[in-house]
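K.L.:
The structure file work_17.json (JSON, C-alpha atoms) is provided below.
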```json
[["chain", "number", "residue", "atom", "x", "y", "z"],
["A", 653, "MET", "CA", 19.73, 44.21, -28.05],
["A", 654, "LYS", "CA", 19.58, 40.95, -29.99],
["A", 655, "LYS", "CA", 22.08, 39.31, -27.65],
["A", 656, "ALA", "CA", 20.14, 40.36, -24.54],
["A", 657, "ILE", "CA", 16.88, 39.04, -25.97],
["A", 658, "LEU", "CA", 18.42, 35.69, -26.90],
["A", 659, "ILE", "CA", 20.24, 35.19, -23.58],
["A", 660, "THR", "CA", 17.17, 36.14, -21.54],
["A", 661, "SER", "CA", 14.94, 33.84, -23.57],
["A", 662, "ALA", "CA", 17.37, 30.92, -23.23],
["A", 663, "ILE", "CA", 17.39, 31.37, -19.45],
["A", 664, "LEU", "CA", 13.58, 31.61, -19.28],
["A", 665, "LEU", "CA", 13.15, 28.57, -21.52],
["A", 666, "THR", "CA", 15.56, 26.53, -19.40],
["A", 667, "LEU", "CA", 13.82, 27.56, -16.18],
["A", 668, "ASN", "CA", 10.43, 26.70, -17.66],
["A", 669, "ILE", "CA", 11.58, 23.19, -18.56],
["A", 670, "ILE", "CA", 13.19, 22.71, -15.14],
["A", 671, "PHE", "CA", 9.93, 23.77, -13.47],
["A", 672, "GLY", "CA", 8.11, 21.27, -15.67],
["A", 673, "LEU", "CA", 10.42, 18.50, -14.47],
["A", 674, "ILE", "CA", 10.20, 19.44, -10.80],
["A", 675, "LEU", "CA", 6.52, 20.29, -10.37],
["A", 676, "SER", "CA", 4.07, 17.43, -10.73],
["A", 677, "SER", "CA", 1.11, 19.82, -11.09],
["A", 678, "TYR", "CA", 2.77, 21.54, -14.08],
["A", 679, "ASP", "CA", 1.56, 19.27, -16.89],
["A", 680, "TRP", "CA", 3.68, 18.70, -20.01],
["A", 681, "PHE", "CA", 0.99, 20.21, -22.21],
["A", 682, "ASN", "CA", 1.32, 23.45, -20.26],
["A", 683, "VAL", "CA", 5.13, 23.24, -20.40],
["A", 684, "ALA", "CA", 5.01, 22.82, -24.19],
["A", 685, "VAL", "CA", 2.57, 25.70, -24.69],
["A", 686, "SER", "CA", 4.44, 28.04, -22.34],
["A", 687, "SER", "CA", 7.75, 27.14, -24.02],
["A", 688, "GLY", "CA", 6.16, 27.90, -27.38],
["A", 689, "ILE", "CA", 4.99, 31.24, -26.02],
["A", 690, "ILE", "CA", 8.52, 32.09, -24.93],
["A", 691, "ILE", "CA", 9.89, 31.16, -28.36],
["A", 692, "LEU", "CA", 7.21, 33.05, -30.31],
["A", 693, "THR", "CA", 7.54, 36.13, -28.10],
["A", 694, "VAL", "CA", 11.30, 36.14, -28.66],
["A", 695, "PHE", "CA", 10.71, 35.75, -32.40],
["A", 696, "LEU", "CA", 8.36, 38.75, -32.42],
["A", 697, "CYS", "CA", 10.80, 40.81, -30.33],
["A", 698, "LEU", "CA", 13.62, 39.98, -32.73],
["A", 699, "LEU", "CA", 11.42, 40.91, -35.69],
["A", 700, "ALA", "CA", 10.57, 44.22, -34.03],
["A", 701, "ASP", "CA", 14.24, 44.84, -33.24],
["A", 702, "ARG", "CA", 15.37, 44.14, -36.82],
["A", 703, "ALA", "CA", 12.51, 45.99, -38.52],
["A", 704, "THR", "CA", 13.21, 49.32, -40.14],
["A", 705, "ILE", "CA", 10.75, 51.19, -37.98],
["A", 706, "LYS", "CA", 11.24, 54.33, -35.96],
["A", 707, "ASP", "CA", 12.85, 53.96, -32.54],
["A", 708, "GLY", "CA", 9.71, 55.07, -30.71],
["A", 709, "PHE", "CA", 7.73, 52.25, -32.33],
["A", 710, "LYS", "CA", 10.53, 49.80, -31.70],
["A", 711, "VAL", "CA", 10.86, 50.48, -27.97],
["A", 712, "SER", "CA", 7.13, 50.56, -27.35],
["A", 713, "LEU", "CA", 6.60, 47.35, -29.32],
["A", 714, "LEU", "CA", 9.34, 45.55, -27.38],
["A", 715, "VAL", "CA", 7.80, 46.61, -24.06],
["A", 716, "LEU", "CA", 4.30, 45.70, -25.24],
["A", 717, "PHE", "CA", 5.44, 42.30, -26.55],
["A", 718, "PHE", "CA", 7.13, 41.58, -23.23],
["A", 719, "ILE", "CA", 4.00, 42.46, -21.25],
["A", 720, "ILE", "CA", 1.69, 40.48, -23.55],
["A", 721, "GLY", "CA", 4.15, 37.56, -23.50],
["A", 722, "LEU", "CA", 4.12, 37.59, -19.70],
["A", 723, "ILE", "CA", 0.31, 37.56, -19.69],
["A", 724, "GLN", "CA", 0.30, 34.70, -22.20],
["A", 725, "TYR", "CA", 2.81, 32.75, -20.11],
["A", 726, "ILE", "CA", 0.70, 33.11, -16.96],
["A", 727, "LEU", "CA", -2.39, 32.03, -18.90],
["A", 728, "ALA", "CA", -0.52, 29.00, -20.29],
["A", 729, "VAL", "CA", 0.63, 27.88, -16.87],
["A", 730, "PHE", "CA", -2.90, 27.84, -15.46],
["A", 731, "MET", "CA", -4.92, 26.72, -18.49],
["A", 732, "PRO", "CA", -6.54, 23.28, -18.74],
["A", 733, "SER", "CA", -4.38, 20.58, -20.31],
["A", 734, "ALA", "CA", -6.45, 19.94, -23.44],
["A", 735, "PHE", "CA", -6.91, 21.40, -26.92],
["A", 736, "THR", "CA", -10.66, 20.96, -27.08],
["A", 737, "ASP", "CA", -12.90, 23.63, -25.56],
["A", 738, "ASN", "CA", -9.88, 25.52, -24.25],
["A", 739, "TRP", "CA", -10.82, 29.21, -24.26],
["A", 740, "ILE", "CA", -7.56, 30.25, -22.65],
["A", 741, "PHE", "CA", -5.62, 28.66, -25.52],
["A", 742, "ILE", "CA", -7.82, 30.57, -27.98],
["A", 743, "ALA", "CA", -7.12, 33.80, -26.06],
["A", 744, "ILE", "CA", -3.37, 33.14, -26.31],
["A", 745, "ILE", "CA", -3.65, 32.65, -30.09],
["A", 746, "VAL", "CA", -5.71, 35.84, -30.43],
["A", 747, "LEU", "CA", -3.07, 37.77, -28.45],
["A", 748, "PHE", "CA", -0.38, 36.53, -30.85],
["A", 749, "GLY", "CA", -2.52, 37.71, -33.73],
["A", 750, "ILE", "CA", -2.85, 41.14, -32.14],
["A", 751, "GLU", "CA", 0.93, 41.30, -31.70],
["A", 752, "ALA", "CA", 1.47, 40.43, -35.37],
["A", 753, "ILE", "CA", -1.04, 43.08, -36.44],
["A", 754, "LEU", "CA", 0.65, 45.70, -34.25],
["A", 755, "LEU", "CA", 4.05, 44.89, -35.74],
["A", 756, "THR", "CA", 2.65, 45.07, -39.27],
["A", 757, "CYS", "CA", 0.86, 48.37, -38.61],
["A", 758, "ALA", "CA", 3.97, 49.91, -37.01],
["A", 759, "ASN", "CA", 6.00, 48.88, -40.04],
["A", 760, "ILE", "CA", 3.48, 50.38, -42.48],
["A", 761, "VAL", "CA", 3.08, 53.64, -40.52],
["A", 762, "SER", "CA", 6.83, 54.00, -40.12],
["A", 763, "LYS", "CA", 7.41, 53.52, -43.86],
["A", 764, "LYS", "CA", 4.72, 56.05, -44.75],
["A", 765, "SER", "CA", 6.18, 58.50, -42.27],
["A", 766, "ASN", "CA", 9.64, 58.10, -43.79],
["A", 767, "GLU", "CA", 8.23, 58.65, -47.29],
["A", 768, "SER", "CA", 6.46, 61.86, -46.26],
["A", 769, "TRP", "CA", 9.68, 63.27, -44.75],
["A", 770, "LYS", "CA", 11.60, 62.60, -47.97],
["A", 771, "ARG", "CA", 9.25, 64.82, -50.02]]
```
Could you spell out this file's structure in structure tokens?
P.N.:
Amino acid sequence: MKKAILITSAILLTLNIIFGLILSSYDWFNVAVSSGIIILTVFLCLLADRATIKDGFKVSLLVLFFIIGLIQYILAVFMPSAFTDNWIFIAIIVLFGIEAILLTCANIVSKKSNESWKR
């Protein structure tokens, strides 16, 4: 799974940069933010894949991270090219926070579930 995630992310990152070079309306700020989204989403997917959580959590987290990453990417492409007063950028950061919380909660619940089965 790790190999598939890395290869897919490398292809998406390359395509994103190529689109940034070709399209004049695709500002470099948006290219940088969307590239960061791809990298952070891959990082979260790799963390979820390596975590010692139950397979049900793992699969659902990977699907959820992919869907949220796609939403974040679309938001990044169409957001204004400035840090100040950028509510879309704030929404993207909040979505990353939600993903991190979900991964943490899945890890905690999975560990507690494993402990209860050992008794």
K.L.:
Pick the closest to A:Val685 from A:Ile744, A:Val761, A:Leu673, A:Leu716: which is it, counting all atoms listed in the file?
P.N.:
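Looking only at the distances to A:Val685, the closest residue turns out to be A:Ile744.
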K.L.:
Can you tell me, as JSON, the centre and edge lengths (Å, one decimal) of the axis-aligned box enclosing all of stretch 655-659 of chain A's listed atoms after padding each side by 8 Å?
P.N.:
```
{"center_x": 19.5, "center_y": 37.8, "center_z": -25.6, "size_x": 21.2, "size_y": 21.2, "size_z": 20.1}
```
K.L.:
Suppose you want the space between atom CA of A:Phe741 and atom CA of A:Ile723; what is it in Å?
P.N.:
12.2 Å
K.L.:
Dig up all the protein and nucleic acid residues within 12 Å of (1.8, 49.0, -31.6) in the file frame, using only C-alpha atoms, and format them as number ranges by chain.
P.N.:
A: 700, 705-706, 708-717, 720, 750-762
K.L.:
In terms of the shortest atom-to-atom distance over all atoms listed in the file, which of A:Ser661, A:Ser677, A:Thr666, A:Ser733 is closest to A:Leu698?
P.N.:
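Looking only at the distances to A:Leu698, the closest residue turns out to be A:Ser661.
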K.L.:
With distances taken over all atoms listed in the file, which of A:Leu665, A:Ala728, A:Ile719, A:Ile657 is nearest to A:Ser687?
P.N.:
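Looking only at the distances to A:Ser687, the closest residue turns out to be A:Leu665.
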K.L.:
Quick check, in Å to one decimal: how far apart do atom CA of A:Val683 and atom CA of A:Arg702 lie?
P.N.:
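If I compute the distance from atom CA of A:Val683 to atom CA of A:Arg702, I get 28.5 Å.
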K.L.:
Closest to A:Ile745 among A:Thr704, A:Val729, A:Ile689, A:Asn682, using all atoms listed in the file?
P.N.:
A:Ile689
K.L.:
Distance atom CA of A:Val746-atom CA of A:Ile726, one decimal place?
P.N.:
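It comes out at 15.2 Å.
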K.L.:
Given the choices A:Gly749, A:Gly672, A:Leu692, A:Ser686, which gets closest to A:Leu727 if the distance is worked out from all atoms listed in the file?
P.N.:
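Closest residue, counting all atoms listed in the file: A:Ser686.
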K.L.:
Could you tell me which of A:Met731, A:Leu747, A:Ala656, A:Ile690 comes closest to A:Tyr678 if we count all atoms listed in the file?
P.N.:
A:Met731
